[in-house]
>>> print(open('upload.cif').read())   # mmCIF, C-alpha atoms and all ligand atoms
data_work
loop_
_atom_site.label_atom_id
_atom_site.label_comp_id
_atom_site.auth_asym_id
_atom_site.auth_seq_id
_atom_site.Cartn_x
_atom_site.Cartn_y
_atom_site.Cartn_z
CA MET A 1 -3.64 -4.31 20.40
CA SER A 2 -6.53 -2.52 18.75
CA THR A 3 -7.29 -3.61 15.22
CA LEU A 4 -7.77 -1.48 12.12
CA LEU A 5 -8.18 -4.27 9.60
CA GLU A 6 -8.98 -7.88 10.26
CA VAL A 7 -9.04 -10.44 7.50
CA SER A 8 -10.19 -13.89 8.54
CA GLY A 9 -10.51 -17.19 6.75
CA VAL A 10 -10.37 -15.62 3.30
CA SER A 11 -10.09 -17.81 0.22
CA VAL A 12 -10.33 -17.08 -3.48
CA SER A 13 -9.94 -19.35 -6.49
CA PHE A 14 -9.22 -18.49 -10.09
CA ASP A 15 -10.39 -21.27 -12.42
CA GLY A 16 -10.10 -23.81 -9.60
CA PHE A 17 -6.65 -22.60 -8.49
CA LYS A 18 -6.64 -21.37 -4.88
CA ALA A 19 -4.68 -18.12 -5.02
CA ILE A 20 -5.68 -17.26 -1.43
CA ASN A 21 -6.27 -20.13 0.95
CA ASN A 22 -7.90 -19.56 4.34
CA LEU A 23 -5.83 -16.45 4.96
CA SER A 24 -6.05 -14.52 8.20
CA PHE A 25 -4.32 -11.23 8.91
CA ARG A 26 -4.71 -8.25 11.20
CA ILE A 27 -3.09 -4.88 11.52
CA GLY A 28 -3.32 -2.10 14.09
CA PRO A 29 -4.02 1.60 13.47
CA ALA A 30 -0.42 2.86 13.35
CA GLU A 31 1.58 -0.12 12.32
CA MET A 32 4.07 -0.90 9.59
CA ARG A 33 3.88 -4.40 8.14
CA ALA A 34 5.93 -5.98 5.40
CA ILE A 35 4.56 -8.85 3.36
CA ILE A 36 7.06 -11.09 1.65
CA GLY A 37 6.76 -14.39 -0.17
CA PRO A 38 7.76 -16.00 -3.45
CA ASN A 39 6.23 -15.10 -6.82
CA GLY A 40 2.63 -16.19 -7.00
CA ALA A 41 2.26 -16.41 -3.21
CA GLY A 42 -0.88 -14.27 -3.36
CA LYS A 43 0.50 -10.94 -2.13
CA THR A 44 -1.05 -8.77 -4.82
CA THR A 45 -4.29 -10.76 -4.74
CA PHE A 46 -4.44 -10.10 -1.00
CA MET A 47 -4.31 -6.35 -1.70
CA ASP A 48 -6.91 -6.77 -4.45
CA ILE A 49 -9.24 -8.33 -1.89
CA ILE A 50 -8.80 -5.56 0.69
CA THR A 51 -9.43 -2.88 -1.94
CA GLY A 52 -12.49 -4.61 -3.38
CA LYS A 53 -10.94 -5.36 -6.77
CA THR A 54 -11.26 -9.09 -6.20
CA ARG A 55 -14.12 -10.62 -4.21
CA PRO A 56 -13.23 -13.63 -2.06
CA ASP A 57 -15.22 -16.85 -2.18
CA GLU A 58 -15.13 -17.16 1.60
CA GLY A 59 -14.07 -15.27 4.68
CA ARG A 60 -14.43 -11.86 6.26
CA VAL A 61 -12.70 -8.50 5.86
CA ILE A 62 -13.56 -6.22 8.77
CA TRP A 63 -12.57 -2.56 8.88
CA GLY A 64 -12.23 0.21 11.44
CA GLU A 65 -13.69 1.14 14.78
CA LYS A 66 -17.19 0.31 13.67
CA SER A 67 -16.14 -3.12 12.38
CA VAL A 68 -17.80 -2.76 9.00
CA SER A 69 -17.36 -5.42 6.34
CA LEU A 70 -15.45 -4.24 3.27
CA LEU A 71 -16.85 -7.14 1.26
CA ASN A 72 -20.13 -5.40 0.42
CA MET A 73 -18.47 -2.13 -0.51
CA SER A 74 -17.44 -0.84 -3.94
CA GLU A 75 -13.79 -0.03 -4.65
CA ALA A 76 -14.62 3.68 -4.48
CA LYS A 77 -16.37 3.32 -1.13
CA ILE A 78 -13.46 1.35 0.31
CA ALA A 79 -11.08 4.11 -0.79
CA GLN A 80 -13.38 6.70 0.81
CA ALA A 81 -13.43 4.67 4.00
CA GLY A 82 -9.66 5.24 4.28
CA VAL A 83 -7.86 2.55 2.31
CA GLY A 84 -5.25 3.97 -0.07
CA ARG A 85 -3.36 1.87 -2.57
CA LYS A 86 -0.28 2.63 -4.53
CA PHE A 87 0.00 0.95 -7.88
CA GLN A 88 3.32 0.25 -9.52
CA ARG A 89 2.85 2.55 -12.47
CA PRO A 90 2.54 6.08 -11.10
CA THR A 91 -0.66 7.82 -12.11
CA VAL A 92 0.57 11.40 -11.76
CA PHE A 93 -0.60 14.11 -14.18
CA GLU A 94 2.58 14.56 -16.20
CA ASP A 95 1.68 17.98 -17.64
CA GLN A 96 0.97 19.44 -14.21
CA THR A 97 3.52 20.64 -11.71
CA VAL A 98 4.32 18.67 -8.58
CA PHE A 99 2.51 21.38 -6.63
CA ASP A 100 -0.66 21.05 -8.68
CA ASN A 101 -0.61 17.27 -8.52
CA LEU A 102 -0.49 17.41 -4.73
CA LEU A 103 -3.11 20.15 -4.63
CA LEU A 104 -5.50 18.17 -6.81
CA ALA A 105 -5.03 15.14 -4.60
CA LEU A 106 -6.00 16.88 -1.35
CA LYS A 107 -8.92 15.40 0.46
CA LYS A 108 -11.81 17.79 0.24
CA ASP A 109 -15.49 18.11 -0.28
CA ARG A 110 -15.92 17.26 -3.95
CA SER A 111 -19.43 18.53 -4.53
CA PRO A 112 -19.83 20.33 -7.91
CA LEU A 113 -20.26 23.69 -6.17
CA SER A 114 -17.11 23.30 -4.11
CA VAL A 115 -15.14 22.66 -7.28
CA LEU A 116 -16.74 25.66 -9.01
CA PHE A 117 -15.89 28.04 -6.17
CA TYR A 118 -12.57 26.49 -5.49
CA ARG A 119 -9.71 28.82 -4.61
CA ARG A 120 -6.17 28.03 -3.65
CA SER A 121 -6.52 28.69 0.03
CA ASN A 122 -3.54 29.26 2.27
CA GLU A 123 -4.50 26.18 4.20
CA ASP A 124 -4.21 24.06 1.04
CA ARG A 125 -0.89 25.65 0.20
CA GLU A 126 0.45 24.75 3.61
CA LYS A 127 -0.80 21.19 3.25
CA VAL A 128 0.90 20.86 -0.13
CA HIS A 129 4.16 22.17 1.32
CA SER A 130 4.05 19.80 4.24
CA LEU A 131 3.30 16.86 1.93
CA ALA A 132 6.19 17.89 -0.34
CA GLU A 133 8.44 17.91 2.68
CA GLU A 134 7.24 14.47 3.75
CA ILE A 135 8.14 13.01 0.36
CA GLY A 136 11.31 15.08 -0.11
CA LEU A 137 10.13 16.99 -3.19
CA THR A 138 10.09 20.55 -1.82
CA SER A 139 12.72 21.68 -4.31
CA GLN A 140 10.72 20.16 -7.19
CA LEU A 141 7.33 21.77 -6.52
CA GLU A 142 7.29 23.96 -9.61
CA ARG A 143 8.57 21.29 -11.99
CA LYS A 144 6.33 19.47 -14.41
CA SER A 145 5.75 16.01 -13.03
CA GLY A 146 6.63 14.47 -16.39
CA GLU A 147 10.21 15.69 -15.91
CA LEU A 148 10.73 13.85 -12.62
CA SER A 149 12.90 10.75 -12.31
CA HIS A 150 11.27 7.35 -11.85
CA GLY A 151 11.91 7.49 -8.09
CA GLN A 152 10.60 11.03 -7.74
CA LYS A 153 7.39 10.10 -9.57
CA GLN A 154 6.89 7.21 -7.17
CA TRP A 155 7.33 9.55 -4.21
CA LEU A 156 4.91 12.03 -5.73
CA GLU A 157 2.39 9.24 -6.09
CA ILE A 158 2.89 8.35 -2.42
CA GLY A 159 2.40 12.03 -1.56
CA MET A 160 -0.83 12.11 -3.56
CA LEU A 161 -2.05 9.10 -1.62
CA LEU A 162 -1.07 10.69 1.70
CA ALA A 163 -2.99 13.79 0.62
CA GLN A 164 -6.11 11.65 0.84
CA GLU A 165 -5.30 10.95 4.49
CA PRO A 166 -5.78 7.18 4.31
CA MET A 167 -5.88 5.19 7.55
CA LEU A 168 -4.31 2.26 5.72
CA LEU A 169 -1.82 2.58 2.90
CA LEU A 170 -1.07 -0.45 0.72
CA VAL A 171 2.07 -0.39 -1.40
CA ASP A 172 3.07 -3.16 -3.77
CA GLU A 173 6.80 -3.35 -4.59
CA PRO A 174 7.54 0.36 -4.10
CA ALA A 175 11.29 -0.04 -4.62
CA ALA A 176 11.11 -1.80 -7.99
CA GLY A 177 13.35 -0.11 -10.55
CA MET A 178 14.88 2.27 -8.02
CA THR A 179 18.51 3.06 -7.33
CA PRO A 180 19.87 2.15 -3.87
CA GLU A 181 19.64 5.82 -2.78
CA GLU A 182 16.06 6.05 -4.01
CA ARG A 183 15.21 2.87 -2.14
CA GLU A 184 16.54 4.35 1.09
CA HIS A 185 14.53 7.49 0.64
CA THR A 186 11.42 5.42 -0.07
CA THR A 187 11.98 3.52 3.18
CA SER A 188 12.12 6.72 5.19
CA ILE A 189 8.93 8.09 3.59
CA LEU A 190 7.06 4.90 4.46
CA VAL A 191 8.49 4.68 7.99
CA GLN A 192 7.39 8.26 8.60
CA ALA A 193 3.93 7.59 7.13
CA ALA A 194 3.47 4.57 9.40
CA LYS A 195 3.76 6.73 12.50
CA THR A 196 0.24 8.04 11.97
CA ARG A 197 -1.42 5.26 9.97
CA ALA A 198 -1.14 1.61 9.05
CA VAL A 199 1.15 0.83 6.12
CA VAL A 200 1.39 -2.56 4.40
CA VAL A 201 4.36 -2.97 2.08
CA VAL A 202 4.88 -5.88 -0.29
CA GLU A 203 8.54 -6.07 -1.27
CA HIS A 204 11.02 -8.65 -2.53
CA ASP A 205 14.11 -6.63 -1.60
CA MET A 206 15.14 -7.96 1.84
CA GLU A 207 17.47 -5.03 2.56
CA PHE A 208 14.51 -2.76 2.01
CA VAL A 209 12.36 -4.86 4.33
CA ARG A 210 15.09 -4.86 6.97
CA ARG A 211 15.21 -1.07 7.02
CA LEU A 212 11.46 -0.92 7.68
CA GLU A 213 12.20 -2.54 11.08
CA CYS A 214 8.72 -3.98 11.30
CA ARG A 215 6.75 -7.17 11.73
CA VAL A 216 6.90 -9.36 8.64
CA THR A 217 4.21 -11.66 7.29
CA VAL A 218 5.40 -14.42 4.95
CA LEU A 219 2.82 -15.61 2.43
CA HIS A 220 3.08 -18.86 0.57
CA GLU A 221 0.44 -20.53 -1.59
CA GLY A 222 -2.16 -18.07 -0.39
CA SER A 223 -1.65 -18.63 3.34
CA VAL A 224 0.45 -17.16 6.12
CA LEU A 225 3.55 -19.31 6.48
CA ALA A 226 5.22 -17.32 9.26
CA GLU A 227 4.97 -13.99 11.04
CA GLY A 228 7.33 -12.01 13.27
CA SER A 229 10.52 -9.98 13.00
CA LEU A 230 12.56 -10.40 9.82
CA ASP A 231 15.22 -12.28 11.80
CA HIS A 232 12.57 -14.55 13.27
CA VAL A 233 10.91 -15.45 9.96
CA THR A 234 14.15 -15.89 8.05
CA LYS A 235 15.22 -18.50 10.61
CA ASN A 236 11.96 -20.40 10.23
CA GLN A 237 12.67 -23.73 8.50
CA ASP A 238 9.44 -23.66 6.45
CA VAL A 239 10.38 -20.21 5.15
CA ILE A 240 13.91 -21.35 4.31
CA ASP A 241 12.55 -24.39 2.46
CA VAL A 242 10.12 -22.28 0.43
CA TYR A 243 12.80 -19.78 -0.56
CA LEU A 244 15.22 -22.56 -1.48
CA GLY A 245 12.44 -24.22 -3.49
CA ARG A 246 12.41 -27.41 -1.42
N1 LIG A 301 -7.22 -12.36 -12.03
C1 LIG A 301 -6.58 -13.52 -11.99
N2 LIG A 301 -6.97 -14.57 -12.76
C2 LIG A 301 -6.34 -15.76 -12.71
N3 LIG A 301 -5.29 -16.02 -11.91
C3 LIG A 301 -4.85 -15.03 -11.11
C4 LIG A 301 -5.46 -13.73 -11.11
N4 LIG A 301 -4.81 -12.96 -10.21
C5 LIG A 301 -3.83 -13.74 -9.67
N5 LIG A 301 -3.85 -14.98 -10.22
C6 LIG A 301 -2.97 -16.09 -9.84
O1 LIG A 301 -2.97 -16.15 -8.43
C7 LIG A 301 -1.67 -16.45 -7.92
C8 LIG A 301 -1.23 -15.38 -6.97
O2 LIG A 301 -0.91 -14.23 -7.71
P1 LIG A 301 -0.41 -12.87 -7.07
O3 LIG A 301 -0.30 -11.91 -8.18
O4 LIG A 301 -1.31 -12.49 -5.96
O5 LIG A 301 1.02 -13.27 -6.50
P2 LIG A 301 2.14 -12.35 -5.87
O6 LIG A 301 2.47 -12.94 -4.54
O7 LIG A 301 1.74 -10.92 -5.92
O8 LIG A 301 3.37 -12.61 -6.84
P3 LIG A 301 4.55 -11.65 -7.34
O9 LIG A 301 5.57 -11.64 -6.24
O10 LIG A 301 5.06 -12.31 -8.57
O11 LIG A 301 3.97 -10.29 -7.61
C9 LIG A 301 -0.77 -16.60 -9.14
O12 LIG A 301 -0.66 -17.97 -9.44
C10 LIG A 301 -1.51 -15.84 -10.22
O13 LIG A 301 -1.22 -16.38 -11.49
MG MG A 302 2.47 -9.25 -6.88
#
>>> encode(input="upload.cif", output="structure tokens")
Amino acid sequence: MSTLLEVSGVSVSFDGFKAINNLSFRIGPAEMRAIIGPNGAGKTTFMDIITGKTRPDEGRVIWGEKSVSLLNMSEAKIAQAGVGRKFQRPTVFEDQTVFDNLLLALKKDRSPLSVLFYRRSNEDREKVHSLAEEIGLTSQLERKSGELSHGQKQWLEIGMLLAQEPMLLLVDEPAAGMTPEEREHTTSILVQAAKTRAVVVVEHDMEFVRRLECRVTVLHEGSVLAEGSLDHVTKNQDVIDVYLGR
């Protein structure tokens, strides 16, 4: 298996508490991975490390074909290198239409001149339409984003991330606060996205994880406790003990 991201031996402490403890993890270029684990297991901190928000005390984070270290890179540079992250609170421009939000998010040359001479090209229009289709918001393109439902805003945010063409997409609890129908739609967006890129999903909802039909990594106390199919890890005695609080 070729590797897109390889994390090895990473640890980080906050005031002497080891939130991440000698963690190793790898993911291939077009792979879906779910990360589960109890509250405080280190799932969000793990994403903070990959995106450069938190710097580990030890270990390596190696990225891409050229095997560059992400540890010396700024958050902005890591994003430019192809790591996209979805935060829980959508950061869409509420006064703009869905169309304009997607248009603004498109990956392009952002030099001052290119912005000055910017025109809505047909190519961009087509890209926006295909993104809208991917996230199921084609019928909402002319609506103000502020009028969208919670679920629709989350999908728009995913679309805006996809517009950046990330090679790795990190999503932390995407189904939180969603209706069962919205959850299902979110699953299909992510499954589709993972056909052409790596997607890492942190989620507590096991039905949601099951529908992703992917390899699952179980984190506990900042380390990998088990890895494999959902059926495999949920039969693991250590995993059962952790979830039952034993
Ligand atoms: N910036 C920080 N400063 C101090 N402690 C932190 C910081 N970030 C995380 N922690 C601690 O590190 C541990 C892991 O937290 P983290 O948020 O990564 O867990 P999680 O697996 O995402 O949990 P949840 O499922 O509740 O979201 C927790 O004990 C948390 O309190
Ligand atoms: Mg978390």
>>> residues_around(input="upload.cif", residues="Gly42 (chain A)", least_positions_apart="5", cutoff="6 Å", atoms="only C-alpha atoms", output="PyMOL selection string")
chain A and resi 19-20+222
>>> residues_near_ligand(input="upload.cif", ligand="ligand LIG 301 (chain A)", cutoff="10 Å", atoms="only C-alpha atoms and all ligand atoms", output="MDAnalysis selection string")
chainID A and resid 12:20 35:49 53:54 172:173 202:204 219:222
>>> closest_residue(input="upload.cif", among="A:Ala176, A:Val61, A:Met32, A:Met167", to="ligand MG 302 (chain A)", atoms="all atoms listed in the file")
A:Ala176
>>> closest_residue(input="upload.cif", among="A:Gln80, A:Arg210, A:Gln88, A:Ser2", to="ligand MG 302 (chain A)", atoms="all atoms listed in the file")
A:Gln88
>>> residues_around(input="upload.cif", residues="Ile135 (chain A)", least_positions_apart="5", cutoff="7 Å", atoms="only C-alpha atoms", output="PDB file with C-alpha atoms, in the coordinates of the input")
ATOM      1  CA  TRP A 155       7.330   9.550  -4.210  1.00  0.00           C
ATOM      2  CA  LEU A 156       4.910  12.030  -5.730  1.00  0.00           C
ATOM      3  CA  GLY A 159       2.400  12.030  -1.560  1.00  0.00           C
ATOM      4  CA  ILE A 189       8.930   8.090   3.590  1.00  0.00           C
TER       5      ILE A 189
END
>>> closest_residue(input="upload.cif", among="A:Thr179, A:Pro174, A:Glu213, A:Gly9", to="ligand MG 302 (chain A)", atoms="only C-alpha atoms and all ligand atoms")
A:Pro174
>>> residues_around(input="upload.cif", residues="Met160 (chain A)", least_positions_apart="4", cutoff="7 Å", atoms="only C-alpha atoms", output="MDAnalysis selection string")
chainID A and resid 102 105 156 164
>>> axis_aligned_box(input="upload.cif", around="region 178-193 of chain A", padding_each_side="6 Å", output="JSON")
{"center_x": 11.9, "center_y": 5.2, "center_z": 0.3, "size_x": 27.9, "size_y": 18.1, "size_z": 28.6}
>>> closest_residue(input="upload.cif", among="A:Met178, A:Leu148, A:Leu244, A:Leu70", to="Glu94 (chain A)", atoms="all atoms listed in the file")
A:Leu148
>>> atom_distance(input="upload.cif", atom1="CA of Glu182 (chain A)", atom2="CA of Leu168 (chain A)")
22.9 Å
>>> atom_distance(input="upload.cif", atom1="CA of Glu126 (chain A)", atom2="CA of Ala163 (chain A)")
11.9 Å
>>> atom_distance(input="upload.cif", atom1="CA of Ser69 (chain A)", atom2="CA of Lys107 (chain A)")
23.2 Å
>>> decode(input="upload.cif", residues="region 83-99 of chain A", atoms="N, CA and C atoms", output="short mmCIF file (atom, residue, chain, number, x, y, z; two decimals), in the first residue's frame")
data_model
loop_
_atom_site.label_atom_id
_atom_site.label_comp_id
_atom_site.auth_asym_id
_atom_site.auth_seq_id
_atom_site.Cartn_x
_atom_site.Cartn_y
_atom_site.Cartn_z
N VAL A 83 -3.95 19.35 2.83
CA VAL A 83 -4.69 18.82 3.98
C VAL A 83 -5.86 19.77 4.27
N GLY A 84 -7.08 19.26 4.12
CA GLY A 84 -8.26 20.07 4.39
C GLY A 84 -8.91 19.59 5.68
N ARG A 85 -9.43 20.53 6.45
CA ARG A 85 -10.06 20.13 7.71
C ARG A 85 -11.41 20.79 7.88
N LYS A 86 -12.38 19.98 8.24
CA LYS A 86 -13.69 20.53 8.49
C LYS A 86 -13.88 20.71 9.98
N PHE A 87 -14.21 21.92 10.36
CA PHE A 87 -14.50 22.18 11.76
C PHE A 87 -15.98 21.99 12.02
N GLN A 88 -16.33 21.85 13.30
CA GLN A 88 -17.73 21.56 13.60
C GLN A 88 -18.66 22.70 13.26
N ARG A 89 -18.23 23.92 13.60
CA ARG A 89 -19.09 25.07 13.30
C ARG A 89 -18.80 25.49 11.85
N PRO A 90 -19.81 25.43 10.98
CA PRO A 90 -19.54 25.78 9.59
C PRO A 90 -19.10 27.24 9.46
N THR A 91 -18.16 27.47 8.57
CA THR A 91 -17.65 28.82 8.39
C THR A 91 -18.06 29.34 7.01
N VAL A 92 -19.33 29.13 6.66
CA VAL A 92 -19.82 29.62 5.37
C VAL A 92 -20.15 31.11 5.49
N PHE A 93 -20.13 31.82 4.37
CA PHE A 93 -20.52 33.23 4.36
C PHE A 93 -22.04 33.28 4.24
N GLU A 94 -22.69 33.61 5.36
CA GLU A 94 -24.14 33.49 5.44
C GLU A 94 -24.89 34.42 4.49
N ASP A 95 -24.31 35.59 4.20
CA ASP A 95 -24.99 36.56 3.33
C ASP A 95 -24.82 36.24 1.85
N GLN A 96 -23.94 35.30 1.54
CA GLN A 96 -23.69 34.95 0.14
C GLN A 96 -24.52 33.73 -0.24
N THR A 97 -24.77 33.59 -1.53
CA THR A 97 -25.50 32.41 -1.98
C THR A 97 -24.59 31.18 -1.88
N VAL A 98 -25.24 30.03 -1.99
CA VAL A 98 -24.49 28.77 -2.02
C VAL A 98 -23.51 28.79 -3.19
N PHE A 99 -24.00 29.27 -4.33
CA PHE A 99 -23.15 29.36 -5.52
C PHE A 99 -21.90 30.17 -5.22
#
